[in-house]
Each structure stands twice: as C-alpha cells, then as structure tokens.
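S.K.: The following file, work20.tsv, comprises TSV, C-alpha atoms and all ligand atoms:
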```tsv
chain	number	residue	atom	x	y	z
A	19	MET	CA	-21.06	-12.63	17.69
A	20	SER	CA	-20.33	-9.73	20.01
A	21	LYS	CA	-19.48	-6.29	18.68
A	22	LYS	CA	-15.87	-5.62	17.79
A	23	ILE	CA	-13.79	-3.48	20.10
A	24	VAL	CA	-11.75	-2.29	17.12
A	25	ASP	CA	-11.83	-3.30	13.46
A	26	CYS	CA	-9.68	-2.70	10.42
A	27	THR	CA	-12.62	-1.52	8.32
A	28	PHE	CA	-14.20	1.72	9.47
A	29	LYS	CA	-16.58	4.54	8.73
A	30	ARG	CA	-14.70	7.71	8.01
A	31	ILE	CA	-15.55	10.82	9.94
A	32	ARG	CA	-16.96	13.43	7.55
A	33	SER	CA	-18.39	16.57	9.08
A	34	ARG	CA	-21.53	18.30	7.80
A	35	ASP	CA	-19.41	21.40	7.23
A	36	GLU	CA	-16.97	19.56	5.01
A	37	MET	CA	-19.72	17.85	3.02
A	38	GLU	CA	-21.58	21.15	2.52
A	39	GLN	CA	-18.38	22.66	1.19
A	40	ILE	CA	-18.14	19.78	-1.31
A	41	ALA	CA	-21.77	20.23	-2.38
A	42	ILE	CA	-21.31	23.96	-2.96
A	43	SER	CA	-18.08	23.52	-4.91
A	44	ALA	CA	-19.75	20.83	-7.01
A	45	MET	CA	-22.66	23.14	-7.84
A	46	GLU	CA	-20.28	25.90	-8.88
A	47	ALA	CA	-18.00	23.63	-10.93
A	48	ASP	CA	-17.76	23.73	-14.71
A	49	LEU	CA	-18.06	19.94	-15.06
A	50	LEU	CA	-18.08	16.91	-12.79
A	51	SER	CA	-16.46	14.59	-15.31
A	52	GLY	CA	-12.81	13.67	-15.44
A	53	ASP	CA	-12.21	16.66	-17.69
A	54	SER	CA	-13.37	19.09	-15.00
A	55	SER	CA	-11.10	21.88	-13.81
A	56	LEU	CA	-11.61	20.26	-10.39
A	57	ILE	CA	-9.32	17.47	-11.59
A	58	SER	CA	-6.48	19.79	-12.56
A	59	GLU	CA	-6.85	21.64	-9.25
A	60	TYR	CA	-6.65	18.33	-7.38
A	61	GLU	CA	-3.61	17.26	-9.41
A	62	GLU	CA	-1.90	20.58	-8.66
A	63	LYS	CA	-2.51	19.98	-4.98
A	64	ILE	CA	-1.04	16.45	-5.16
A	65	LYS	CA	2.06	17.89	-6.86
A	66	ASN	CA	2.45	20.58	-4.20
A	67	VAL	CA	1.88	18.33	-1.20
A	68	LEU	CA	4.24	15.59	-2.41
A	69	GLY	CA	6.70	17.83	-4.24
A	70	VAL	CA	6.51	15.82	-7.43
A	71	GLY	CA	6.64	16.91	-11.07
A	72	ASN	CA	3.46	15.34	-12.45
A	73	ALA	CA	0.25	13.80	-11.10
A	74	ILE	CA	-2.58	11.94	-12.83
A	75	ALA	CA	-5.88	11.40	-11.00
A	76	VAL	CA	-7.41	7.99	-11.80
A	77	SER	CA	-10.37	5.89	-10.76
A	78	SER	CA	-8.59	3.43	-8.45
A	79	GLY	CA	-5.22	2.31	-7.17
A	80	THR	CA	-5.51	-0.78	-9.34
A	81	ALA	CA	-6.13	1.45	-12.38
A	82	ALA	CA	-3.02	3.45	-11.44
A	83	LEU	CA	-0.96	0.25	-11.39
A	84	HIS	CA	-2.52	-1.19	-14.54
A	85	ALA	CA	-1.97	1.98	-16.57
A	86	SER	CA	1.61	2.31	-15.30
A	87	VAL	CA	2.61	-1.28	-15.96
A	88	SER	CA	0.84	-1.27	-19.36
A	89	GLU	CA	2.94	1.67	-20.52
A	90	VAL	CA	6.32	0.33	-19.44
A	91	ILE	CA	6.18	-3.32	-20.54
A	92	GLN	CA	5.39	-5.36	-23.64
A	93	ASN	CA	3.31	-8.52	-23.66
A	94	GLY	CA	5.21	-11.35	-21.97
A	95	ASP	CA	7.77	-9.14	-20.20
A	96	GLU	CA	8.62	-10.02	-16.62
A	97	VAL	CA	7.89	-7.77	-13.67
A	98	LEU	CA	9.50	-8.28	-10.26
A	99	VAL	CA	6.80	-8.26	-7.58
A	100	PRO	CA	7.21	-8.70	-3.80
A	101	VAL	CA	5.86	-11.93	-2.37
A	102	ILE	CA	4.24	-9.84	0.37
A	103	CYS	CA	1.76	-7.58	-1.38
A	104	VAL	CA	-1.94	-7.54	-2.25
A	105	PRO	CA	-3.80	-9.16	-5.17
A	106	MET	CA	-4.28	-5.74	-6.83
A	107	THR	CA	-0.53	-5.37	-7.40
A	108	VAL	CA	-0.27	-8.74	-9.11
A	109	CYS	CA	-3.54	-8.48	-11.03
A	110	ALA	CA	-2.38	-5.21	-12.58
A	111	VAL	CA	0.75	-6.93	-13.90
A	112	ILE	CA	-1.15	-9.92	-15.28
A	113	GLU	CA	-3.88	-7.80	-16.90
A	114	ALA	CA	-1.19	-5.64	-18.52
A	115	GLY	CA	0.20	-8.76	-20.17
A	116	GLY	CA	3.15	-9.10	-17.82
A	117	VAL	CA	4.53	-12.13	-16.02
A	118	PRO	CA	4.85	-11.56	-12.26
A	119	VAL	CA	8.11	-12.88	-10.82
A	120	PHE	CA	8.00	-13.00	-7.03
A	121	TYR	CA	10.95	-11.85	-4.96
A	122	ASP	CA	11.87	-12.19	-1.30
A	123	CYS	CA	12.25	-9.21	1.02
A	124	GLN	CA	15.16	-8.21	3.23
A	125	GLU	CA	15.18	-9.52	6.79
A	126	MET	CA	12.41	-7.97	8.88
A	127	SER	CA	11.51	-5.49	6.17
A	128	PHE	CA	9.30	-5.07	3.09
A	129	LYS	CA	12.20	-3.85	0.96
A	130	PRO	CA	13.39	-6.16	-1.83
A	131	SER	CA	16.37	-8.38	-1.13
A	132	LEU	CA	18.88	-7.44	-3.84
A	133	GLU	CA	20.17	-10.99	-3.81
A	134	SER	CA	16.69	-12.28	-4.56
A	135	LEU	CA	16.20	-9.72	-7.35
A	136	ASP	CA	19.50	-10.70	-8.88
A	137	LYS	CA	18.67	-14.39	-8.80
A	138	LEU	CA	15.17	-14.04	-10.27
A	139	SER	CA	15.71	-11.46	-12.99
A	140	SER	CA	16.33	-12.24	-16.64
A	141	SER	CA	16.71	-10.41	-19.94
A	142	ARG	CA	12.89	-10.25	-20.05
A	143	THR	CA	12.69	-8.32	-16.78
A	144	LYS	CA	11.48	-4.78	-17.49
A	145	ALA	CA	10.20	-3.42	-14.20
A	146	LEU	CA	10.49	-3.67	-10.43
A	147	ILE	CA	7.48	-3.04	-8.22
A	148	THR	CA	7.99	-2.17	-4.55
A	149	VAL	CA	5.02	-2.18	-2.16
A	150	SER	CA	4.88	-0.11	1.04
A	151	MET	CA	2.92	-2.64	3.06
A	152	TRP	CA	1.09	-1.12	6.03
A	153	GLY	CA	2.78	2.17	5.19
A	154	ASN	CA	6.32	0.92	5.79
A	155	SER	CA	8.88	2.25	3.35
A	156	ALA	CA	9.87	-0.36	0.77
A	157	ILE	CA	12.52	1.58	-1.13
A	158	ASP	CA	15.91	3.23	-0.69
A	159	ALA	CA	18.86	4.46	-2.76
A	160	SER	CA	20.52	1.04	-3.00
A	161	ILE	CA	17.35	-0.46	-4.52
A	162	ILE	CA	16.98	2.38	-7.01
A	163	ASN	CA	20.65	2.11	-8.01
A	164	PHE	CA	20.34	-1.63	-8.49
A	165	ALA	CA	17.30	-1.13	-10.74
A	166	ARG	CA	19.11	1.59	-12.72
A	167	GLN	CA	22.07	-0.73	-13.33
A	168	ASN	CA	19.67	-3.32	-14.72
A	169	ASP	CA	17.60	-0.84	-16.69
A	170	TRP	CA	14.35	-1.66	-14.87
A	171	VAL	CA	11.57	0.86	-14.43
A	172	VAL	CA	10.84	1.27	-10.71
A	173	ILE	CA	7.13	1.39	-9.93
A	174	GLU	CA	6.21	2.09	-6.32
A	175	ASP	CA	2.88	0.72	-5.17
A	176	ALA	CA	2.48	3.31	-2.42
A	177	ALA	CA	-1.27	2.71	-2.01
A	178	GLN	CA	-0.74	2.23	1.72
A	179	GLY	CA	2.29	4.51	1.92
A	180	LEU	CA	0.83	7.98	1.31
A	181	GLY	CA	2.40	10.36	3.84
A	182	THR	CA	5.35	8.11	4.70
A	183	GLN	CA	8.74	9.70	4.10
A	184	ASN	CA	11.98	7.83	3.54
A	185	GLU	CA	15.60	8.98	3.23
A	186	LEU	CA	14.96	10.26	-0.31
A	187	GLY	CA	11.54	11.89	-0.01
A	188	TYR	CA	7.90	10.85	0.00
A	189	GLU	CA	7.21	7.16	-0.43
A	190	GLY	CA	5.82	6.76	-3.95
A	191	CYS	CA	7.78	9.73	-5.28
A	192	VAL	CA	11.36	8.43	-5.34
A	193	GLY	CA	11.11	5.67	-7.98
A	194	ASP	CA	10.15	6.31	-11.61
A	195	LEU	CA	6.40	5.97	-11.05
A	196	GLY	CA	4.27	6.10	-7.91
A	197	CYS	CA	0.85	4.46	-7.70
A	198	PHE	CA	-1.50	5.55	-4.95
A	199	SER	CA	-4.99	4.48	-3.91
A	200	THR	CA	-7.60	6.79	-2.40
A	201	HIS	CA	-9.97	3.96	-1.54
A	202	GLU	CA	-12.09	4.56	1.56
A	203	PHE	CA	-9.64	2.81	3.92
A	204	LYS	CA	-6.51	4.63	2.77
A	205	LEU	CA	-5.12	7.79	4.42
A	206	VAL	CA	-6.67	10.09	1.82
A	207	SER	CA	-10.04	8.87	0.62
A	208	THR	CA	-12.27	9.67	-2.34
A	209	GLY	CA	-14.46	6.58	-1.78
A	210	GLU	CA	-12.86	4.86	-4.76
A	211	GLY	CA	-9.92	6.42	-6.58
A	212	GLY	CA	-6.20	6.75	-6.98
A	213	PHE	CA	-3.42	8.73	-8.63
A	214	ILE	CA	-0.08	8.31	-10.34
A	215	THR	CA	2.99	10.47	-9.75
A	216	THR	CA	6.17	10.82	-11.80
A	217	ASP	CA	8.98	13.27	-12.40
A	218	PHE	CA	9.40	11.98	-15.96
A	219	ASP	CA	7.40	13.99	-18.49
A	220	TYR	CA	7.44	11.27	-21.17
A	221	LEU	CA	6.00	8.69	-18.74
A	222	TYR	CA	3.44	11.25	-17.65
A	223	GLU	CA	2.35	11.92	-21.25
A	224	ARG	CA	1.97	8.26	-22.12
A	225	ILE	CA	0.24	7.14	-18.96
A	226	ARG	CA	-2.08	10.13	-18.91
A	227	SER	CA	-3.09	9.32	-22.47
A	228	TYR	CA	-3.66	5.64	-21.60
A	229	THR	CA	-6.04	6.64	-18.78
A	230	ARG	CA	-7.91	9.01	-21.12
A	231	ILE	CA	-8.85	6.54	-23.89
A	232	GLY	CA	-5.70	7.37	-25.81
A	233	PHE	CA	-6.30	11.12	-25.91
A	234	SER	CA	-3.02	12.95	-26.29
A	235	GLN	CA	-2.50	16.65	-26.74
A	236	LYS	CA	1.00	15.94	-28.03
A	237	LEU	CA	-0.15	13.50	-30.71
A	238	GLY	CA	-2.96	15.78	-31.86
A	239	GLY	CA	-6.00	14.68	-29.83
A	240	PHE	CA	-8.13	11.55	-30.07
A	241	GLY	CA	-7.70	8.56	-32.31
A	242	PHE	CA	-3.93	8.30	-32.53
A	243	ARG	CA	-3.57	5.51	-30.00
A	244	SER	CA	-5.62	3.20	-27.81
A	245	GLY	CA	-6.30	3.39	-24.08
A	246	LEU	CA	-8.93	3.00	-21.36
A	247	ASN	CA	-11.15	5.35	-19.42
A	248	TYR	CA	-9.61	5.44	-15.95
A	249	LYS	CA	-10.57	9.03	-15.13
A	250	LEU	CA	-11.56	10.09	-11.63
A	251	SER	CA	-14.71	12.22	-11.46
A	252	GLY	CA	-14.67	15.89	-10.47
A	253	LEU	CA	-16.83	15.16	-7.45
A	254	GLN	CA	-14.28	12.69	-6.13
A	255	ALA	CA	-11.49	15.18	-6.79
A	256	LEU	CA	-13.22	17.61	-4.42
A	257	LEU	CA	-13.12	14.99	-1.68
A	258	GLY	CA	-9.48	14.23	-2.44
A	259	ALA	CA	-8.37	17.87	-2.33
A	260	GLN	CA	-10.14	18.37	0.98
A	261	GLN	CA	-8.52	15.28	2.47
A	262	LEU	CA	-5.06	16.10	1.17
A	263	ASP	CA	-5.24	19.28	3.25
A	264	LYS	CA	-5.76	17.04	6.27
A	265	LEU	CA	-3.09	14.46	5.42
A	266	GLU	CA	-0.60	15.61	8.01
A	267	PHE	CA	-3.32	15.97	10.64
A	268	ASN	CA	-4.57	12.43	9.89
A	269	ARG	CA	-1.05	11.10	10.00
A	270	SER	CA	-0.34	12.64	13.39
A	271	GLU	CA	-3.66	11.42	14.82
A	272	ARG	CA	-2.71	7.93	13.70
A	273	GLU	CA	0.73	8.36	15.15
A	274	SER	CA	-0.63	9.06	18.64
A	275	LYS	CA	-2.80	5.93	18.45
A	276	SER	CA	0.05	3.85	17.16
A	277	MET	CA	2.30	5.08	19.98
A	278	TYR	CA	-0.44	4.34	22.49
A	279	TRP	CA	-0.72	0.75	21.24
A	280	GLU	CA	2.99	0.45	21.84
A	281	GLU	CA	2.81	2.01	25.27
A	282	CYS	CA	-0.11	-0.22	26.36
A	283	LEU	CA	1.36	-3.40	24.96
A	284	ASP	CA	4.72	-2.57	26.52
A	285	GLY	CA	3.22	-1.49	29.81
A	286	ILE	CA	1.42	-4.80	30.37
A	287	GLN	CA	4.38	-6.87	29.23
A	288	ALA	CA	2.02	-8.49	26.76
A	289	SER	CA	3.25	-11.94	26.05
A	290	VAL	CA	1.87	-14.21	23.40
A	291	TYR	CA	2.22	-17.80	24.52
A	292	GLY	CA	5.28	-16.77	26.48
A	293	ARG	CA	6.69	-14.73	23.62
A	294	ARG	CA	7.43	-11.03	23.74
A	295	ILE	CA	5.75	-8.64	21.32
A	296	PHE	CA	7.79	-5.75	20.00
A	297	ARG	CA	7.32	-2.96	17.50
A	298	PHE	CA	7.93	-4.07	13.93
A	299	PHE	CA	10.28	-1.80	12.01
A	300	VAL	CA	9.30	1.83	12.16
A	301	SER	CA	11.11	3.91	9.58
A	302	SER	CA	13.61	6.29	11.09
A	303	TYR	CA	12.05	8.98	8.93
A	304	ARG	CA	8.34	9.77	8.94
A	305	TYR	CA	5.86	6.92	9.05
A	306	ASN	CA	2.17	7.32	8.16
A	307	HIS	CA	1.02	4.73	10.73
A	308	TYR	CA	-1.27	2.98	8.27
A	309	ALA	CA	-1.34	0.38	11.05
A	310	ALA	CA	0.50	-0.22	14.30
A	311	CYS	CA	2.80	-3.08	13.33
A	312	PHE	CA	4.11	-5.47	15.96
A	313	TYR	CA	6.10	-8.65	15.81
A	314	ILE	CA	5.88	-11.74	17.98
A	315	GLU	CA	9.33	-12.79	19.11
A	316	ASP	CA	10.73	-15.99	17.64
A	317	PRO	CA	7.50	-17.13	15.92
A	318	THR	CA	6.69	-20.68	14.90
A	319	LYS	CA	5.41	-21.29	11.38
A	320	GLY	CA	2.06	-19.57	10.79
A	321	LEU	CA	1.86	-18.18	14.34
A	322	SER	CA	0.67	-14.73	13.30
A	323	LYS	CA	-2.33	-16.13	11.39
A	324	SER	CA	-3.58	-18.07	14.41
A	325	VAL	CA	-2.95	-15.15	16.76
A	326	ALA	CA	-4.73	-12.81	14.34
A	327	LYS	CA	-7.70	-15.18	14.16
A	328	LEU	CA	-7.91	-15.46	17.93
A	329	MET	CA	-7.68	-11.67	18.26
A	330	ASN	CA	-10.47	-11.29	15.73
A	331	GLU	CA	-12.67	-13.72	17.67
A	332	GLN	CA	-12.03	-11.65	20.78
A	333	GLY	CA	-13.20	-8.45	19.05
A	334	ILE	CA	-9.88	-7.11	17.79
A	335	GLY	CA	-10.23	-6.95	14.03
A	336	ASN	CA	-6.96	-6.85	12.10
A	337	ASP	CA	-5.70	-6.96	8.51
A	338	ILE	CA	-3.77	-10.21	8.86
A	339	HIS	CA	-6.99	-12.05	9.64
A	340	ARG	CA	-9.29	-10.10	7.33
A	341	TYR	CA	-7.15	-10.56	4.23
A	342	ARG	CA	-5.79	-13.96	5.28
A	343	GLN	CA	-2.49	-12.26	4.61
A	344	GLY	CA	0.24	-14.72	3.82
A	345	LEU	CA	2.57	-14.95	0.87
A	346	MET	CA	1.14	-14.02	-2.55
A	347	VAL	CA	2.15	-17.29	-4.18
A	348	GLU	CA	-0.25	-19.14	-1.87
A	349	PHE	CA	-3.26	-17.67	-3.68
A	350	PRO	CA	-4.85	-20.24	-6.05
A	351	PHE	CA	-4.78	-17.91	-9.07
A	352	LEU	CA	-1.01	-17.58	-8.78
A	353	ARG	CA	0.02	-21.18	-8.37
A	354	LYS	CA	0.80	-21.46	-12.07
A	355	ALA	CA	3.00	-18.36	-12.15
A	356	TYR	CA	4.80	-19.66	-9.09
A	357	SER	CA	5.52	-23.11	-10.47
A	358	MET	CA	8.09	-21.82	-12.96
A	359	ASP	CA	11.60	-23.33	-13.08
A	360	ARG	CA	13.19	-20.49	-11.19
A	361	TYR	CA	11.49	-21.42	-7.92
A	362	ARG	CA	12.16	-24.43	-5.68
A	363	LYS	CA	8.39	-24.77	-5.06
A	364	ASP	CA	8.68	-24.51	-1.31
A	365	VAL	CA	7.67	-21.08	-0.04
A	366	ARG	CA	9.85	-21.31	3.03
A	367	LEU	CA	12.94	-22.08	0.97
A	368	ASP	CA	12.09	-19.66	-1.82
A	369	PHE	CA	11.12	-16.79	0.46
A	370	PRO	CA	12.80	-17.32	3.85
A	371	ASN	CA	12.74	-13.66	4.91
A	372	ALA	CA	9.15	-13.02	3.86
A	373	SER	CA	8.00	-16.26	5.53
A	374	ARG	CA	9.65	-15.08	8.72
A	375	VAL	CA	7.99	-11.66	8.53
A	376	MET	CA	4.55	-13.15	7.96
A	377	ASP	CA	4.98	-15.76	10.72
A	378	GLY	CA	5.19	-13.10	13.41
A	379	LEU	CA	3.56	-9.91	12.13
A	380	ILE	CA	0.56	-8.40	13.91
A	381	THR	CA	-1.12	-5.26	12.60
A	382	LEU	CA	-3.47	-3.20	14.74
A	383	PRO	CA	-5.75	-0.43	13.46
A	384	CYS	CA	-5.07	3.29	14.05
A	385	HIS	CA	-7.84	4.86	11.94
A	386	ASP	CA	-10.51	7.54	12.67
A	387	GLU	CA	-12.80	5.28	14.67
A	388	VAL	CA	-10.19	3.85	17.06
A	389	SER	CA	-10.18	5.64	20.43
A	390	MET	CA	-7.63	5.53	23.21
A	391	GLN	CA	-10.21	3.65	25.35
A	392	ASP	CA	-10.55	1.05	22.58
A	393	ILE	CA	-6.81	0.54	22.64
A	394	GLU	CA	-6.80	0.11	26.43
A	395	LYS	CA	-9.68	-2.35	26.25
A	396	SER	CA	-8.01	-4.29	23.44
A	397	THR	CA	-4.71	-4.57	25.24
A	398	ARG	CA	-6.52	-5.93	28.34
A	399	VAL	CA	-8.08	-8.59	26.12
A	400	ILE	CA	-4.76	-9.36	24.49
A	401	LYS	CA	-3.18	-9.72	27.93
A	402	ASN	CA	-5.89	-12.14	29.09
A	403	VAL	CA	-6.04	-14.23	25.98
A	404	PHE	CA	-2.35	-14.68	25.39
A	405	LYS	CA	-0.92	-15.06	28.87
A	501	LIG	C1	-5.50	-0.51	-1.75
A	501	LIG	C2	-4.34	-1.01	-2.45
A	501	LIG	C3	-4.23	-1.03	-3.87
A	501	LIG	C4	-5.26	-0.53	-4.82
A	501	LIG	O1	-6.52	-0.60	-4.39
A	501	LIG	P1	-7.79	0.06	-5.09
A	501	LIG	O2	-8.89	-0.51	-4.25
A	501	LIG	O3	-7.84	-0.40	-6.49
A	501	LIG	O4	-7.71	1.54	-4.98
A	501	LIG	C5	-3.05	-1.47	-4.42
A	501	LIG	N1	-2.04	-1.89	-3.67
A	501	LIG	C6	-2.08	-1.89	-2.32
A	501	LIG	C7	-0.87	-2.32	-1.55
A	501	LIG	C8	-3.24	-1.48	-1.66
A	501	LIG	O5	-3.28	-1.50	-0.33
```
Represent the structure of the file as structure tokens.
Ligand SMILES: *Cc1c(COP(=O)(O)O)cnc(C)c1O
M.R.:
Amino acid sequence: MSKKIVDCTFKRIRSRDEMEQIAISAMEADLLSGDSSLISEYEEKIKNVLGVGNAIAVSSGTAALHASVSEVIQNGDEVLVPVICVPMTVCAVIEAGGVPVFYDCQEMSFKPSLESLDKLSSSRTKALITVSMWGNSAIDASIINFARQNDWVVIEDAAQGLGTQNELGYEGCVGDLGCFSTHEFKLVSTGEGGFITTDFDYLYERIRSYTRIGFSQKLGGFGFRSGLNYKLSGLQALLGAQQLDKLEFNRSERESKSMYWEECLDGIQASVYGRRIFRFFVSSYRYNHYAACFYIEDPTKGLSKSVAKLMNEQGIGNDIHRYRQGLMVEFPFLRKAYSMDRYRKDVRLDFPNASRVMDGLITLPCHDEVSMQDIEKSTRVIKNVFK
C-alpha cells in the first residue's frame, strides 16, 4: 500500500535541545521515581496552567479514570457514561466495580442529553462521566446543575480536551474531577501518562492515596488503607512540564491547520456523494483542535464509516477508521451491559442523537507532522474521490 498523505498516529517532534535539557535535569534530580521532587514541580505547573486547586500525576489516563471512579463509587453502583467515548472510559468504570449506563448526547454535540440522563438514572447512580471527544467541550453549567440536583459526582474525561476552554473554564476543571491523558498522541505527551485535577481537597486526598498504594499523610502514612501504584515517574514529569509550557503554542499550531482544512474543503466545494461537508461544532470559546471535525450533510446510516475507510485507502488516515469509532454499546465486551431492561436494544432508537453524530462525522488530523501541503494534497484527493 502507498504511503499515507496524513495519518492520525504520528511521531512527535522533539528537538535535541529539549531532550538534552531533560537529560541534564534528570541527572541533577533527587529521584526519578514517583516520589521525586520533579513530580511536585510538574503538579504545581499543571495547577498554574489550568488554574485548578489540586493535581495528581499518574501513569496513564486510564489510571486517572480508574482511581477517580474507584474513590467515588461502591461495588455495583451505576455510572452514567456517554455512548460516544473510548473503551478506556468504560473499562475504568467496570474495573472499579461500577455498572456503566450509557446515555445519549444532545443533538450534534458530545454533551449529555439531560432527558437521556433523567430516563436512565436510578437510586444506584453515583456519578456522571462526560467525555470531550476530539477536544470538543462536553460540559456546561446546565449539566453540572443537573448532576448537583441528583447528587452525582461529575467526572470529566478530558483526555482529548486538554487546552479546550468552555464557558466555565478549562475543560476537565469545571466538574468535580478531571481526568487527563498524556499519552503520545495527546496534546501534552509524556509517552504514557496522565493526571487528575480537582478543587475538592477531600477527593484529592483520597485519590492521591489510592494512586500511591494507600499512602496517606493524613492517616499517618502507609498501611491504613489499600490502593494501587499508579505513580508517574520523575523522568516523565520532566517531559510533561516541558510540554505544558508549549501547550498554547501547540494549540495554536493545530488551530491554523484545522482552519486550513476548513478553508481548503470549503474552497473546493468538497461534496461527498453530492452531500456538502461542513465544520462540526466548534466551541464558541477556545478549542484545542485535537482534530478538525467535519460533518457530512444529511448522512445515511453508517455513511461516515464508509467515507472514513475510503479516505484511509486513499492515504488520508483518520480516527473514525482507525478506531472503528461507532457507538460504545456495539463493542462485544459491552453487549451484556447494554442488554439491561432500561434499553430498547436498538441503538438507533436508544441513542438517536449519537447515531446521527456518528453517521456523518469526519475527523482529520492536525498534529505536529501534518503540513499545509499535506492538507492541500488531501483535499485534492477528497475532491476526486467523492465527487
Ligand atoms: C487517551 C484517552 C484515554 C486514556 O488513555 P491512556 O492511554 O490510558 O492514557 C481516556 N479517554 C479518552 C477519551 C482518551 O482519548
């Protein structure tokens, strides 16, 4: 197969200068473990950049979610999860002993439909997870208020949303808990890694302790409770701190690419089988441009998957194809959770809005490796293939 013009996976640009800086700081550090002062420096930086009260560096975004969910639910409690998310979100709930209950989104959005939440919740519901898919904001004041009324803990899976701002502040920092990933393909990368943010000191204490094998200064040290080792290493924290300094730069670089996709696709009147493509929901606040999201007008069922596959075959790699992104309940490991009484067992009836979003959504990459020429070349291909 011929080489891709663009792809959704990529090699990050790391300069020799930056890597030498990391090596020197590592040599001078007290420790490289998760107890290193490098970790507290990194956490301070997270707090300053995002303007949040507490931050906990952890070993992955999934660890961030697992630790958070574990500390706010009991075995068998229900957790509201969007039907458009990633396996990591759902796995964290299941491994924490929770029961995922899938909700529909609002029309043409990744925000929860309050009507859907209302219908699906029960007295066992303890938490609501929102997921900022492709960096789009998935939360606002009405959602937070609704959760408060019902006494649910709001956990934001902002793994893809770092750097996005909504009407209330940074995505991931407006609910009760924010879970971020610093995996290689996210806006800030430590190779593998993640962090948790919260303004609530008691949640901070408990979750920090969970991620440090139960260690708790407050309780008197080790051995007073159980937990796991989810610590990030000091070496990774150096990478994270360096990249956090470049967050706004990375975001604006992505923004220019994202805008250029729009300009090129608009300029050529790209039509997909006679359908218009337009920009999918860009937050009126600040968007991190995790991807350039477009929508195919008036899609037929499953259109976006076939378009994404065709694009991929033509050298335009994209997330929809790579992750076979559809609705979560279509994954084999979730069929059982989905076949509970509360659903009608027809995804299109149960999740009309989410089905509609996933029928027409196209995501195009805006990362380090994508150049303006790549975007021009890709749009020419798109024009030829889909006329
Ligand atoms: C990347 C990601 C995660 C966590 O991924 P890790 O690889 O464990 O860091 C969780 N949720 C979403 C939406 C993600 O994109």
S.K.: From the options A:Ile42, A:Ala355, A:Ala85, A:Val300, which residue's atoms come nearest to A:Tyr313, counting only C-alpha atoms?
M.R.: A:Val300
S.K.: Residues of stretch 176-211 of chain A that approach stretch 254-271 of chain A to 8 Å or less, counting only C-alpha atoms: could you list each one with the shortest pair of atoms and its distance in Å to one decimal, rows by chain and increasing residue number, as JSON lines?
M.R.:
```
{"residue": "A:Gly181", "atom": "CA", "partner": "A:Leu265", "partner_atom": "CA", "distance": 7.0}
{"residue": "A:Thr200", "atom": "CA", "partner": "A:Gly258", "partner_atom": "CA", "distance": 7.7}
{"residue": "A:Leu205", "atom": "CA", "partner": "A:Leu265", "partner_atom": "CA", "distance": 7.0}
{"residue": "A:Val206", "atom": "CA", "partner": "A:Gln261", "partner_atom": "CA", "distance": 5.5}
{"residue": "A:Ser207", "atom": "CA", "partner": "A:Gly258", "partner_atom": "CA", "distance": 6.2}
{"residue": "A:Thr208", "atom": "CA", "partner": "A:Gln254", "partner_atom": "CA", "distance": 5.2}
{"residue": "A:Gly209", "atom": "CA", "partner": "A:Gln254", "partner_atom": "CA", "distance": 7.5}
{"residue": "A:Gly211", "atom": "CA", "partner": "A:Gln254", "partner_atom": "CA", "distance": 7.7}
```
S.K.: Would you mind listing what lies within 10 Å of A:Met277 as a list of chain:residue names, with all atoms listed in the file counted and same-chain residues fewer than 3 positions away left out?
M.R.: A:Arg272, A:Glu273, A:Ser274, A:Glu280, A:Glu281, A:Cys282, A:Leu283, A:Arg297, A:His307, A:Ala310, A:Cys384
S.K.: Find, counting all atoms listed in the file, the residue in A:Val365, A:Val87, A:Val117, A:Cys197 that gets nearest to ligand LIG 501 (chain A).
M.R.: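 That would be A:Cys197, the residue with the smallest distance to ligand LIG 501 (chain A).
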S.K.: Please enclose the listed atoms of ligand LIG 501 (chain A) in an axis-aligned box, pad each side by 6 Å, and write out the centre and the three edge lengths in Å, rounded to one decimal, as AutoDock Vina command-line options.
M.R.:
```
--center_x -4.9 --center_y -0.4 --center_z -3.4 --size_x 20.0 --size_y 15.9 --size_z 18.2
```
S.K.: How many Å separate atom CA of A:Gly378 from atom CA of A:Leu321?
M.R.: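 For atom CA of A:Gly378 relative to atom CA of A:Leu321, the distance reads 6.1 Å.
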S.K.: Skip A:Phe312 itself and residues of its chain fewer than 4 positions away, then list as an MDAnalysis selection string all residues within 7 Å of it, counting all atoms listed in the file.
M.R.: chainID A and resid 295:298 379:381
S.K.: Residues as selected, C-alpha atoms, written as a PDB file, in the frame of the given file, can you do that?
M.R.:
```
ATOM      1  CA  ILE A 295       5.750  -8.640  21.320  1.00  0.00           C
ATOM      2  CA  PHE A 296       7.790  -5.750  20.000  1.00  0.00           C
ATOM      3  CA  ARG A 297       7.320  -2.960  17.500  1.00  0.00           C
ATOM      4  CA  PHE A 298       7.930  -4.070  13.930  1.00  0.00           C
ATOM      5  CA  LEU A 379       3.560  -9.910  12.130  1.00  0.00           C
ATOM      6  CA  ILE A 380       0.560  -8.400  13.910  1.00  0.00           C
ATOM      7  CA  THR A 381      -1.120  -5.260  12.600  1.00  0.00           C
TER       8      THR A 381
END
```
